[in-house]
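Coordinates from target.pdb are shown below (PDB, C-alpha atoms (C1' of nucleotides)).
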```pdb
MODEL        1
ATOM      1  CA  MET I   1      -3.969  10.554   0.465
ATOM      2  CA  ALA I   2      -5.238   8.315  -2.287
ATOM      3  CA  ARG I   3      -4.748   4.786  -3.472
ATOM      4  CA  ALA I   4      -1.174   3.623  -3.880
ATOM      5  CA  ALA I   5       0.345   4.111  -7.319
ATOM      6  CA  THR I   6       0.185   1.197  -9.708
ATOM      7  CA  THR I   7       3.935   1.535  -9.996
ATOM      8  CA  ALA I   8       4.363   1.361  -6.222
ATOM      9  CA  ASP I   9       4.976  -2.392  -6.178
ATOM     10  CA  VAL I  10       4.254  -5.588  -8.057
ATOM     11  CA  PHE I  11       0.994  -6.199  -6.221
ATOM     12  CA  ASN I  12      -0.447  -2.927  -7.467
ATOM     13  CA  ALA I  13       0.949  -3.444 -10.949
ATOM     14  CA  ILE I  14      -0.745  -6.795 -11.471
ATOM     15  CA  SER I  15      -4.042  -5.713  -9.955
ATOM     16  CA  GLU I  16      -5.163  -4.632 -13.411
ATOM     17  CA  VAL I  17      -6.404  -7.425 -15.676
ATOM     18  CA  ALA I  18      -5.049  -5.762 -18.791
ATOM     19  CA  ARG I  19      -1.518  -5.937 -17.413
ATOM     20  CA  ARG I  20      -1.815  -9.572 -16.413
ATOM     21  CA  ASP I  21      -3.160 -10.324 -19.865
ATOM     22  CA  LEU I  22      -0.251  -8.467 -21.402
ATOM     23  CA  LEU I  23       2.234 -10.521 -19.423
ATOM     24  CA  ASP I  24       0.489 -13.700 -20.525
ATOM     25  CA  ALA I  25       0.422 -12.430 -24.105
ATOM     26  CA  ILE I  26       4.155 -11.865 -24.154
ATOM     27  CA  GLY I  27       4.700 -15.410 -23.023
ATOM     28  CA  LEU I  28       8.109 -16.952 -23.299
ATOM     29  CA  GLU I  29       9.294 -15.233 -26.444
ATOM     30  CA  GLU I  30      10.233 -11.647 -26.928
ATOM     31  CA  CYS I  31       7.721  -9.559 -28.790
ATOM     32  CA  THR I  32       7.204  -6.017 -29.920
ATOM     33  CA  VAL I  33       4.592  -3.489 -28.892
ATOM     34  CA  GLY I  34       2.867  -3.958 -32.211
ATOM     35  CA  ASP I  35       2.570  -7.684 -31.564
ATOM     36  CA  LEU I  36       0.903  -6.962 -28.236
ATOM     37  CA  VAL I  37      -1.463  -4.432 -29.748
ATOM     38  CA  GLN I  38      -2.631  -7.129 -32.131
ATOM     39  CA  ARG I  39      -2.838  -9.902 -29.545
ATOM     40  CA  SER I  40      -4.540  -7.846 -26.859
ATOM     41  CA  GLY I  41      -6.890  -5.715 -28.892
ATOM     42  CA  LEU I  42      -5.920  -2.720 -26.791
ATOM     43  CA  SER I  43      -4.978   0.593 -28.322
ATOM     44  CA  GLN I  44      -1.306   1.251 -28.906
ATOM     45  CA  PRO I  45      -1.066   4.020 -26.293
ATOM     46  CA  GLN I  46      -2.734   1.759 -23.733
ATOM     47  CA  VAL I  47      -0.275  -1.015 -24.404
ATOM     48  CA  SER I  48       2.646   1.375 -24.122
ATOM     49  CA  LYS I  49       1.339   2.785 -20.876
ATOM     50  CA  HIS I  50       0.706  -0.606 -19.329
ATOM     51  CA  LEU I  51       4.143  -1.737 -20.418
ATOM     52  CA  GLY I  52       5.532   1.366 -18.766
ATOM     53  CA  VAL I  53       3.992   0.323 -15.460
ATOM     54  CA  LEU I  54       5.240  -3.232 -15.831
ATOM     55  CA  ARG I  55       8.675  -1.870 -16.665
ATOM     56  CA  THR I  56       8.979   0.343 -13.603
ATOM     57  CA  VAL I  57       8.141  -2.537 -11.264
ATOM     58  CA  GLY I  58      10.572  -4.830 -13.054
ATOM     59  CA  LEU I  59       8.045  -7.239 -14.510
ATOM     60  CA  VAL I  60       9.264  -6.725 -18.055
ATOM     61  CA  ARG I  61      12.594  -5.916 -19.661
ATOM     62  CA  VAL I  62      13.103  -4.154 -22.956
ATOM     63  CA  ARG I  63      15.632  -4.346 -25.730
ATOM     64  CA  SER I  64      15.763  -1.718 -28.429
ATOM     65  CA  GLU I  65      16.371  -2.720 -32.009
ATOM     66  CA  GLY I  66      15.964   0.029 -34.500
ATOM     67  CA  ARG I  67      12.610   1.652 -34.067
ATOM     68  CA  ARG I  68      11.018  -1.275 -32.329
ATOM     69  CA  ARG I  69      11.272  -2.461 -28.749
ATOM     70  CA  TRP I  70      11.378  -6.120 -27.861
ATOM     71  CA  TYR I  71       9.715  -6.845 -24.558
ATOM     72  CA  ARG I  72      10.173  -9.946 -22.445
ATOM     73  CA  VAL I  73       8.743 -11.021 -19.121
ATOM     74  CA  HIS I  74      10.990 -10.958 -16.070
ATOM     75  CA  GLY I  75       9.267 -13.584 -13.955
ATOM     76  CA  PRO I  76      11.341 -13.354 -10.757
ATOM     77  CA  ALA I  77       9.700  -9.987 -10.062
ATOM     78  CA  LEU I  78       6.596 -11.992  -9.199
ATOM     79  CA  LYS I  79       8.334 -13.906  -6.428
ATOM     80  CA  PRO I  80       7.076 -11.588  -3.642
ATOM     81  CA  VAL I  81       3.514 -12.303  -4.714
ATOM     82  CA  HIS I  82       4.137 -16.009  -4.898
ATOM     83  CA  ASP I  83       5.829 -16.044  -1.532
ATOM     84  CA  TRP I  84       2.983 -14.213   0.126
ATOM     85  CA  VAL I  85       0.223 -16.325  -1.377
ATOM     86  CA  ARG I  86       2.145 -19.508  -0.722
ATOM     87  CA  ALA I  87       1.500 -19.164   3.011
ATOM     88  CA  TYR I  88      -2.202 -19.592   2.351
ATOM     89  CA  GLU I  89      -1.842 -22.442  -0.123
ATOM     90  CA  ARG I  90      -2.459 -25.115   2.467
ATOM     91  CA  THR I  91      -5.925 -23.704   2.982
ATOM     92  CA  TRP I  92      -7.108 -25.290  -0.236
ATOM     93  CA  ASN I  93      -4.378 -27.810  -0.960
ATOM     94  CA  ALA I  94      -5.335 -30.979   0.834
ATOM     95  CA  ARG I  95      -1.949 -32.541   0.163
ATOM     96  CA  LEU I  96      -0.114 -29.810   2.036
ATOM     97  CA  ASP I  97      -2.635 -30.120   4.822
ATOM     98  CA  ARG I  98      -1.914 -33.809   5.179
ATOM     99  CA  LEU I  99       1.785 -33.023   5.095
ATOM    100  CA  ASP I 100       1.233 -30.657   8.002
ATOM    101  CA  ASN I 101      -0.477 -33.380   9.946
ATOM    102  CA  LEU I 102       2.309 -35.808   9.159
ATOM    103  CA  LEU I 103       4.976 -33.362  10.258
ATOM    104  CA  ALA I 104       3.093 -32.629  13.452
ATOM    105  CA  GLU I 105       2.867 -36.332  14.085
ATOM    106  CA  LEU I 106       6.545 -36.870  13.483
ATOM    107  CA  GLN I 107       7.456 -33.960  15.691
ATOM    108  CA  SER I 108       5.365 -35.218  18.586
ATOM    109  CA  ALA I 109       6.959 -38.617  18.166
ATOM    110  CA  SER I 110      10.540 -37.365  18.479
ATOM    111  CA  PRO I 111      10.724 -33.761  19.709
ATOM    112  CA  GLN I 112      14.371 -33.478  18.608
ATOM    113  CA  SER I 113      16.137 -31.847  15.670
ATOM    114  CA  ASP I 114      13.550 -29.304  14.782
ATOM    115  CA  ARG I 115      14.721 -28.156  11.363
ATOM    116  CA  THR I 116      12.978 -25.838   8.984
ATOM    117  CA  GLU I 117      13.562 -26.050   5.283
ATOM    118  CA  GLU I 118      15.976 -23.627   3.673
ATOM    119  CA  ASP I 119      15.279 -21.476   0.686
ATOM    120  CA  SER I 120      16.855 -22.619  -2.512
ATOM    121  CA  PRO I 121      19.592 -20.243  -3.689
TER     122      PRO I 121
ATOM    123  CA  MET W   1     -13.403   5.293 -16.500
ATOM    124  CA  ALA W   2     -11.090   5.024 -13.544
ATOM    125  CA  ARG W   3      -9.128   2.343 -11.823
ATOM    126  CA  ALA W   4     -10.993  -0.841 -11.025
ATOM    127  CA  ALA W   5     -12.631  -0.975  -7.611
ATOM    128  CA  THR W   6     -10.699  -2.621  -4.824
ATOM    129  CA  THR W   7     -13.714  -4.846  -4.382
ATOM    130  CA  ALA W   8     -13.695  -5.835  -8.042
ATOM    131  CA  ASP W   9     -11.635  -8.979  -7.495
ATOM    132  CA  VAL W  10      -9.062 -10.523  -5.201
ATOM    133  CA  PHE W  11      -6.143  -9.049  -7.125
ATOM    134  CA  ASN W  12      -7.350  -5.521  -6.463
ATOM    135  CA  ALA W  13      -8.234  -6.308  -2.876
ATOM    136  CA  ILE W  14      -4.761  -7.536  -1.957
ATOM    137  CA  SER W  15      -2.959  -4.760  -3.794
ATOM    138  CA  GLU W  16      -3.065  -2.699  -0.620
ATOM    139  CA  VAL W  17      -0.404  -3.541   1.954
ATOM    140  CA  ALA W  18      -2.703  -2.778   4.865
ATOM    141  CA  ARG W  19      -5.099  -5.475   3.737
ATOM    142  CA  ARG W  20      -2.385  -8.070   3.283
ATOM    143  CA  ASP W  21      -1.062  -7.207   6.714
ATOM    144  CA  LEU W  22      -4.559  -7.533   8.087
ATOM    145  CA  LEU W  23      -4.916 -11.014   6.640
ATOM    146  CA  ASP W  24      -1.564 -11.990   8.093
ATOM    147  CA  ALA W  25      -2.569 -10.466  11.418
ATOM    148  CA  ILE W  26      -5.710 -12.565  11.606
ATOM    149  CA  GLY W  27      -3.664 -15.665  11.060
ATOM    150  CA  LEU W  28      -5.169 -19.026  11.781
ATOM    151  CA  GLU W  29      -7.377 -18.109  14.707
ATOM    152  CA  GLU W  30     -10.513 -16.069  14.695
ATOM    153  CA  CYS W  31     -10.165 -12.581  16.073
ATOM    154  CA  THR W  32     -12.227  -9.483  16.632
ATOM    155  CA  VAL W  33     -11.942  -6.069  15.073
ATOM    156  CA  GLY W  34     -10.533  -4.732  18.310
ATOM    157  CA  ASP W  35      -7.781  -7.336  18.206
ATOM    158  CA  LEU W  36      -6.854  -6.198  14.720
ATOM    159  CA  VAL W  37      -6.878  -2.543  15.683
ATOM    160  CA  GLN W  38      -4.352  -3.354  18.376
ATOM    161  CA  ARG W  39      -2.185  -5.606  16.218
ATOM    162  CA  SER W  40      -2.163  -3.371  13.157
ATOM    163  CA  GLY W  41      -1.995   0.069  14.705
ATOM    164  CA  LEU W  42      -4.604   1.263  12.232
ATOM    165  CA  SER W  43      -7.621   3.260  13.291
ATOM    166  CA  GLN W  44     -10.792   1.330  14.000
ATOM    167  CA  PRO W  45     -12.697   2.744  11.010
ATOM    168  CA  GLN W  46      -9.801   1.869   8.727
ATOM    169  CA  VAL W  47      -9.747  -1.685   9.966
ATOM    170  CA  SER W  48     -13.504  -1.986   9.521
ATOM    171  CA  LYS W  49     -13.340  -0.608   6.007
ATOM    172  CA  HIS W  50     -10.458  -2.825   4.956
ATOM    173  CA  LEU W  51     -12.290  -5.799   6.411
ATOM    174  CA  GLY W  52     -15.304  -4.739   4.396
ATOM    175  CA  VAL W  53     -13.275  -4.954   1.199
ATOM    176  CA  LEU W  54     -11.825  -8.315   2.175
ATOM    177  CA  ARG W  55     -15.319  -9.493   2.996
ATOM    178  CA  THR W  56     -16.846  -8.571  -0.340
ATOM    179  CA  VAL W  57     -14.169 -10.443  -2.268
ATOM    180  CA  GLY W  58     -14.554 -13.465   0.000
ATOM    181  CA  LEU W  59     -11.142 -13.299   1.640
ATOM    182  CA  VAL W  60     -12.584 -13.198   5.148
ATOM    183  CA  ARG W  61     -15.688 -14.601   6.813
ATOM    184  CA  VAL W  62     -17.439 -13.152   9.818
ATOM    185  CA  ARG W  63     -19.348 -14.561  12.724
ATOM    186  CA  SER W  64     -21.358 -12.320  15.014
ATOM    187  CA  GLU W  65     -21.332 -12.922  18.728
ATOM    188  CA  GLY W  66     -23.030 -10.261  20.779
ATOM    189  CA  ARG W  67     -21.578  -6.905  19.925
ATOM    190  CA  ARG W  68     -18.364  -8.217  18.528
ATOM    191  CA  ARG W  69     -17.538  -9.823  15.188
ATOM    192  CA  TRP W  70     -15.136 -12.692  14.866
ATOM    193  CA  TYR W  71     -13.193 -12.612  11.603
ATOM    194  CA  ARG W  72     -11.335 -15.468  10.028
ATOM    195  CA  VAL W  73      -9.370 -15.797   6.797
ATOM    196  CA  HIS W  74     -10.898 -17.737   3.914
ATOM    197  CA  GLY W  75      -7.749 -18.814   2.090
ATOM    198  CA  PRO W  76      -9.260 -20.491  -0.969
ATOM    199  CA  ALA W  77     -10.263 -17.061  -2.255
ATOM    200  CA  LEU W  78      -6.558 -16.567  -2.989
ATOM    201  CA  LYS W  79      -6.403 -19.533  -5.325
ATOM    202  CA  PRO W  80      -6.875 -17.434  -8.501
ATOM    203  CA  VAL W  81      -3.820 -15.399  -7.540
ATOM    204  CA  HIS W  82      -1.800 -18.491  -6.786
ATOM    205  CA  ASP W  83      -2.847 -20.162 -10.020
ATOM    206  CA  TRP W  84      -1.867 -17.165 -12.079
ATOM    207  CA  VAL W  85       1.510 -16.617 -10.438
ATOM    208  CA  ARG W  86       2.260 -20.334 -10.522
ATOM    209  CA  ALA W  87       2.727 -20.196 -14.278
ATOM    210  CA  TYR W  88       5.723 -17.915 -13.784
ATOM    211  CA  GLU W  89       7.233 -19.852 -10.913
ATOM    212  CA  ARG W  90       9.655 -21.754 -13.105
ATOM    213  CA  THR W  91      11.406 -18.519 -14.014
ATOM    214  CA  TRP W  92      12.993 -18.382 -10.596
ATOM    215  CA  ASN W  93      12.597 -21.912  -9.322
ATOM    216  CA  ALA W  94      15.567 -23.869 -10.523
ATOM    217  CA  ARG W  95      13.991 -27.164  -9.559
ATOM    218  CA  LEU W  96      11.045 -26.657 -11.881
ATOM    219  CA  ASP W  97      13.452 -25.536 -14.560
ATOM    220  CA  ARG W  98      15.387 -28.781 -14.290
ATOM    221  CA  LEU W  99      12.116 -30.669 -14.409
ATOM    222  CA  ASP W 100      11.353 -28.907 -17.663
ATOM    223  CA  ASN W 101      14.683 -29.986 -19.070
ATOM    224  CA  LEU W 102      14.129 -33.535 -17.936
ATOM    225  CA  LEU W 103      10.715 -33.673 -19.563
ATOM    226  CA  ALA W 104      12.108 -32.240 -22.765
ATOM    227  CA  GLU W 105      14.828 -34.865 -22.681
ATOM    228  CA  LEU W 106      12.369 -37.660 -22.179
ATOM    229  CA  GLN W 107      10.219 -36.409 -24.989
ATOM    230  CA  SER W 108      13.096 -36.197 -27.409
ATOM    231  CA  ALA W 109      14.184 -39.670 -26.411
ATOM    232  CA  SER W 110      11.660 -41.486 -28.598
ATOM    233  CA  PRO W 111      12.011 -39.283 -31.670
ATOM    234  CA  GLN W 112      15.609 -39.768 -32.766
ATOM    235  CA  SER W 113      17.130 -36.319 -32.431
ATOM    236  CA  ASP W 114      20.129 -35.121 -30.514
ATOM    237  CA  ARG W 115      19.275 -32.050 -28.523
ATOM    238  CA  THR W 116      21.726 -29.386 -27.489
ATOM    239  CA  GLU W 117      21.354 -27.350 -24.327
ATOM    240  CA  GLU W 118      19.383 -24.151 -24.638
ATOM    241  CA  ASP W 119      20.954 -20.886 -23.633
ATOM    242  CA  SER W 120      20.064 -19.814 -20.103
ATOM    243  CA  PRO W 121      19.638 -16.084 -19.499
TER     244      PRO W 121
ATOM    245  C1'  DT J   1     -33.280   3.670  30.991
ATOM    246  C1'  DT J   2     -29.032   5.619  30.600
ATOM    247  C1'  DG J   3     -24.578   5.055  29.329
ATOM    248  C1'  DA J   4     -20.514   2.710  27.817
ATOM    249  C1'  DC J   5     -18.742  -0.439  24.485
ATOM    250  C1'  DG J   6     -17.801  -2.684  19.710
ATOM    251  C1'  DC J   7     -18.142  -2.054  15.227
ATOM    252  C1'  DA J   8     -19.943  -0.124  10.770
ATOM    253  C1'  DT J   9     -20.859   3.696   7.889
ATOM    254  C1'  DG J  10     -20.882   8.539   6.120
ATOM    255  C1'  DT J  11     -18.474  12.839   4.750
ATOM    256  C1'  DC J  12     -14.470  15.317   3.267
ATOM    257  C1'  DG J  13     -10.270  16.654   0.506
ATOM    258  C1'  DA J  14      -6.383  14.981  -2.029
ATOM    259  C1'  DT J  15      -4.749  12.127  -5.475
ATOM    260  C1'  DA J  16      -3.687   8.631  -8.866
ATOM    261  C1'  DT J  17      -5.560   6.182 -11.707
ATOM    262  C1'  DC J  18      -8.320   4.620 -16.367
ATOM    263  C1'  DG J  19      -9.489   5.015 -21.595
ATOM    264  C1'  DG J  20      -9.494   7.961 -25.610
ATOM    265  C1'  DA J  21      -7.590  11.270 -28.574
ATOM    266  C1'  DA J  22      -3.913  13.997 -29.991
ATOM    267  C1'  DT J  23       0.789  14.760 -30.142
ATOM    268  C1'  DA J  24       5.800  13.948 -29.677
ATOM    269  C1'  DT J  25       9.995  11.297 -30.605
ATOM    270  C1'  DA J  26      12.809   8.577 -33.314
ATOM    271  C1'  DA J  27      14.206   5.488 -36.829
ATOM    272  C1'  DA J  28      13.628   3.828 -41.627
ATOM    273  C1'  DC J  29      12.365   4.578 -46.327
ATOM    274  C1'  DT J  30      11.953   7.301 -50.869
TER     275       DT J  30
ATOM    276  C1'  DA S   1      14.425  16.690 -46.911
ATOM    277  C1'  DG S   2      10.025  14.801 -46.394
ATOM    278  C1'  DT S   3       7.185  10.867 -45.301
ATOM    279  C1'  DT S   4       5.947   6.662 -43.287
ATOM    280  C1'  DT S   5       6.420   3.455 -39.435
ATOM    281  C1'  DA S   6       6.931   2.144 -34.401
ATOM    282  C1'  DT S   7       6.526   3.520 -29.929
ATOM    283  C1'  DA S   8       6.226   6.858 -26.044
ATOM    284  C1'  DT S   9       4.127  10.809 -23.846
ATOM    285  C1'  DT S  10       0.665  14.341 -22.791
ATOM    286  C1'  DC S  11      -3.871  16.184 -21.988
ATOM    287  C1'  DC S  12      -8.538  15.276 -20.748
ATOM    288  C1'  DG S  13     -12.739  14.070 -17.844
ATOM    289  C1'  DA S  14     -14.554  10.669 -14.792
ATOM    290  C1'  DT S  15     -14.110   8.024 -10.831
ATOM    291  C1'  DA S  16     -12.749   5.254  -6.931
ATOM    292  C1'  DT S  17      -9.821   5.186  -3.846
ATOM    293  C1'  DC S  18      -7.172   6.535   0.967
ATOM    294  C1'  DG S  19      -6.842   8.521   5.841
ATOM    295  C1'  DA S  20      -9.001  11.429   9.350
ATOM    296  C1'  DC S  21     -12.931  12.647  11.714
ATOM    297  C1'  DA S  22     -17.649  12.298  13.020
ATOM    298  C1'  DT S  23     -21.696   9.733  13.453
ATOM    299  C1'  DG S  24     -24.933   5.768  13.532
ATOM    300  C1'  DC S  25     -26.452   1.384  15.379
ATOM    301  C1'  DG S  26     -26.850  -2.648  17.964
ATOM    302  C1'  DT S  27     -25.448  -4.764  22.553
ATOM    303  C1'  DC S  28     -24.186  -5.332  27.340
ATOM    304  C1'  DA S  29     -24.096  -3.400  32.121
ATOM    305  C1'  DA S  30     -25.539  -0.639  36.035
TER     306       DA S  30
ENDMDL
END
```

Let me see the structure of the file written as structure tokens.
Amino acid sequence: MARAATTADVFNAISEVARRDLLDAIGLEECTVGDLVQRSGLSQPQVSKHLGVLRTVGLVRVRSEGRRRWYRVHGPALKPVHDWVRAYERTWNARLDRLDNLLAELQSASPQSDRTEEDSP
Amino acid sequence: MARAATTADVFNAISEVARRDLLDAIGLEECTVGDLVQRSGLSQPQVSKHLGVLRTVGLVRVRSEGRRRWYRVHGPALKPVHDWVRAYERTWNARLDRLDNLLAELQSASPQSDRTEEDSP
DNA sequence: TTGACGCATGTCGATATCGGAATATAAACT
DNA sequence: AGTTTATATTCCGATATCGACATGCGTCAA
């Protein structure tokens, strides 16, 4: 067996710098493949292929208009990555660390009503 | 040229599920390779190799004690990932989205111009 | 010292990439 | 119809993976 496919999940898809750069290059507005070829300096086939990977993992959406395709970023596909990394955020974020200490303090003061925060819908 | 090495950067290192699971399995405490073999169900050589990758990208630190090695997670190595994903967080986080709107409102408060609500996809 | 233990490293085959070049598809223009 | 324009797909060689298995190397114990 070999390395997992780049289209296997979002983690594999964004492991390549070129694809992260492409996502950043698209930005908030829709843009065409030609736009991205110009902005990225990559060859047109490379851009198309990278976009294909991003498409299959749901990181971009396409809209056809005549002979050109308008690509846009679909950010929510990155949520799994964010969620996973988030757990380690307190390792470097001193504020979260102090919040941990505060919560621990509060909990040891009144060991009642132990509630965890809910996810926002 | 082929795909970038898994040891090239943190993005490539964490693209493999086994390595993310390994990091999660280590958790907050130090633990030995044997511990991880038990917790992960992977073979010992696999664990050692994955730890090698995590080590070269700085995601874990080791401490030798006799014939065993104590591994611990070095979270700050994940900061580049967090920083990059953070930029896309507002696409699914409604709170940040509302903050954007509020800031836009405040900014258009001093220049006299009535702003209409943008379309939300 | 011999042997068991804990971990790292090497070899192997299979495979999925990457970039580049060429080609295919499909719509618009003349 | 034939040609240009915009994008997708295919073929290619090179390479770095992954898991399984075997081996190497330091350390503790009898």

Which chain W residues are at most 6 Å from chain I (counting all atoms listed in the file), as a short mmCIF file (atom, residue, chain, number, x, y, z; two decimals) with C-alpha atoms, in the frame of the given file?
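The result, written out as part_30.cif:
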```cif
data_model
loop_
_atom_site.label_atom_id
_atom_site.label_comp_id
_atom_site.auth_asym_id
_atom_site.auth_seq_id
_atom_site.Cartn_x
_atom_site.Cartn_y
_atom_site.Cartn_z
CA PHE W 11 -6.14 -9.05 -7.12
CA ASN W 12 -7.35 -5.52 -6.46
CA SER W 15 -2.96 -4.76 -3.79
CA GLY W 75 -7.75 -18.81 2.09
CA PRO W 76 -9.26 -20.49 -0.97
CA TYR W 88 5.72 -17.92 -13.78
CA THR W 91 11.41 -18.52 -14.01
CA TRP W 92 12.99 -18.38 -10.60
#
```

Mobile chain I fitted to chain W over all in-order Cα pairs, reported as a CSV table (one decimal) with C-alpha atoms, keeping the file's coordinate frame:
```csv
chain,number,residue,atom,x,y,z
I,1,MET,CA,-12.5,6.0,-16.7
I,2,ALA,CA,-10.4,5.7,-13.6
I,3,ARG,CA,-8.3,3.1,-11.9
I,4,ALA,CA,-9.9,-0.3,-11.5
I,5,ALA,CA,-11.7,-0.8,-8.2
I,6,THR,CA,-9.8,-2.5,-5.4
I,7,THR,CA,-12.6,-5.0,-5.3
I,8,ALA,CA,-12.2,-5.7,-9.0
I,9,ASP,CA,-9.9,-8.7,-8.5
I,10,VAL,CA,-7.3,-10.1,-6.1
I,11,PHE,CA,-4.4,-8.3,-7.7
I,12,ASN,CA,-6.1,-4.9,-7.0
I,13,ALA,CA,-7.1,-6.0,-3.5
I,14,ILE,CA,-3.6,-6.9,-2.4
I,15,SER,CA,-2.0,-3.9,-3.9
I,16,GLU,CA,-2.5,-2.1,-0.7
I,17,VAL,CA,0.1,-2.8,2.1
I,18,ALA,CA,-2.5,-2.5,4.8
I,19,ARG,CA,-4.5,-5.3,3.4
I,20,ARG,CA,-1.5,-7.6,3.0
I,21,ASP,CA,-0.5,-6.8,6.5
I,22,LEU,CA,-4.1,-7.7,7.7
I,23,LEU,CA,-3.9,-11.0,5.9
I,24,ASP,CA,-0.6,-11.7,7.6
I,25,ALA,CA,-2.0,-10.6,10.9
I,26,ILE,CA,-4.9,-13.0,10.7
I,27,GLY,CA,-2.5,-15.8,10.2
I,28,LEU,CA,-3.7,-19.4,10.5
I,29,GLU,CA,-6.2,-18.9,13.3
I,30,GLU,CA,-9.5,-17.1,13.2
I,31,CYS,CA,-9.6,-13.7,14.8
I,32,THR,CA,-12.0,-10.9,15.4
I,33,VAL,CA,-12.0,-7.4,14.1
I,34,GLY,CA,-10.9,-6.2,17.5
I,35,ASP,CA,-7.9,-8.5,17.5
I,36,LEU,CA,-6.9,-7.0,14.1
I,37,VAL,CA,-7.4,-3.4,15.3
I,38,GLN,CA,-4.9,-4.2,18.1
I,39,ARG,CA,-2.4,-6.1,16.0
I,40,SER,CA,-2.4,-3.6,13.1
I,41,GLY,CA,-2.7,-0.3,14.9
I,42,LEU,CA,-5.2,0.8,12.3
I,43,SER,CA,-8.5,2.4,13.3
I,44,GLN,CA,-11.5,0.2,13.6
I,45,PRO,CA,-13.3,1.6,10.6
I,46,GLN,CA,-10.2,1.2,8.5
I,47,VAL,CA,-9.9,-2.5,9.5
I,48,SER,CA,-13.6,-3.1,8.7
I,49,LYS,CA,-13.3,-1.4,5.3
I,50,HIS,CA,-10.2,-3.3,4.4
I,51,LEU,CA,-11.8,-6.5,5.5
I,52,GLY,CA,-14.8,-5.6,3.3
I,53,VAL,CA,-12.5,-5.4,0.3
I,54,LEU,CA,-10.8,-8.7,1.2
I,55,ARG,CA,-14.2,-10.3,1.6
I,56,THR,CA,-15.6,-9.3,-1.7
I,57,VAL,CA,-12.6,-10.8,-3.6
I,58,GLY,CA,-12.8,-13.9,-1.5
I,59,LEU,CA,-9.5,-13.6,0.4
I,60,VAL,CA,-11.2,-13.8,3.7
I,61,ARG,CA,-14.2,-15.7,5.1
I,62,VAL,CA,-16.3,-14.6,8.1
I,63,ARG,CA,-18.3,-16.4,10.7
I,64,SER,CA,-20.7,-14.6,13.0
I,65,GLU,CA,-20.8,-15.4,16.7
I,66,GLY,CA,-22.9,-13.1,18.7
I,67,ARG,CA,-21.8,-9.5,18.1
I,68,ARG,CA,-18.4,-10.4,16.9
I,69,ARG,CA,-17.2,-11.7,13.6
I,70,TRP,CA,-14.4,-14.3,13.3
I,71,TYR,CA,-12.3,-13.8,10.2
I,72,ARG,CA,-10.1,-16.3,8.5
I,73,VAL,CA,-7.9,-16.2,5.5
I,74,HIS,CA,-9.0,-18.1,2.4
I,75,GLY,CA,-5.6,-18.7,0.8
I,76,PRO,CA,-6.7,-20.4,-2.5
I,77,ALA,CA,-8.0,-17.0,-3.7
I,78,LEU,CA,-4.4,-16.0,-4.1
I,79,LYS,CA,-3.7,-18.8,-6.6
I,80,PRO,CA,-4.2,-16.6,-9.7
I,81,VAL,CA,-1.4,-14.3,-8.4
I,82,HIS,CA,0.8,-17.2,-7.6
I,83,ASP,CA,0.2,-18.7,-11.0
I,84,TRP,CA,1.0,-15.5,-12.8
I,85,VAL,CA,4.2,-14.8,-10.9
I,86,ARG,CA,5.3,-18.4,-11.1
I,87,ALA,CA,6.0,-17.9,-14.9
I,88,TYR,CA,8.7,-15.4,-14.0
I,89,GLU,CA,10.2,-17.4,-11.1
I,90,ARG,CA,12.9,-18.9,-13.3
I,91,THR,CA,14.3,-15.4,-13.9
I,92,TRP,CA,15.8,-15.3,-10.4
I,93,ASN,CA,15.7,-19.0,-9.4
I,94,ALA,CA,18.9,-20.5,-10.6
I,95,ARG,CA,17.7,-24.0,-9.9
I,96,LEU,CA,14.7,-23.7,-12.2
I,97,ASP,CA,17.0,-22.3,-14.8
I,98,ARG,CA,19.3,-25.3,-14.6
I,99,LEU,CA,16.2,-27.5,-14.8
I,100,ASP,CA,15.3,-25.7,-18.0
I,101,ASN,CA,18.7,-26.4,-19.4
I,102,LEU,CA,18.5,-30.1,-18.4
I,103,LEU,CA,15.1,-30.5,-19.9
I,104,ALA,CA,16.2,-28.9,-23.1
I,105,GLU,CA,19.2,-31.2,-23.2
I,106,LEU,CA,17.0,-34.2,-22.6
I,107,GLN,CA,14.6,-33.2,-25.3
I,108,SER,CA,17.3,-32.7,-27.9
I,109,ALA,CA,18.7,-36.1,-27.0
I,110,SER,CA,15.4,-37.9,-27.6
I,111,PRO,CA,12.8,-35.8,-29.4
I,112,GLN,CA,10.0,-38.2,-28.5
I,113,SER,CA,7.3,-38.2,-25.9
I,114,ASP,CA,7.0,-34.5,-25.3
I,115,ARG,CA,4.9,-34.4,-22.2
I,116,THR,CA,4.0,-31.4,-20.1
I,117,GLU,CA,3.3,-31.7,-16.5
I,118,GLU,CA,-0.3,-31.7,-15.3
I,119,ASP,CA,-1.8,-29.6,-12.7
I,120,SER,CA,-2.5,-31.2,-9.4
I,121,PRO,CA,-6.2,-31.6,-8.7
```

Please produce, as a tab-separated table, a per-residue contact table for chain I versus chain J (criterion: any atom at most 9 Å away, only C-alpha atoms (C1' of nucleotides) considered), showing the nearest atom pair and its distance in Å to one decimal, sorted by chain then residue number.
```
residue	atom	partner	partner_atom	distance
I:Met1	CA	J:DA14	C1'	5.6
I:Ala2	CA	J:DT15	C1'	5.0
I:Arg3	CA	J:DA16	C1'	6.7
I:Ala4	CA	J:DA16	C1'	7.5
I:Ala5	CA	J:DA16	C1'	6.3
I:Thr6	CA	J:DT17	C1'	7.9
I:Gln46	CA	J:DG19	C1'	7.8
I:Gly66	CA	J:DA27	C1'	6.2
I:Arg67	CA	J:DA27	C1'	5.0
I:Arg68	CA	J:DA27	C1'	8.7
```

- Task: Would you mind telling me which residue in S:DA1, S:DA30, S:DA8, S:DA22 lies nearest to chain I when using all atoms listed in the file?
- Result: S:DA8

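For the pair CA of Glu30 (chain W) and CA of Asp97 (chain I), the interatomic distance is 18.9 Å.
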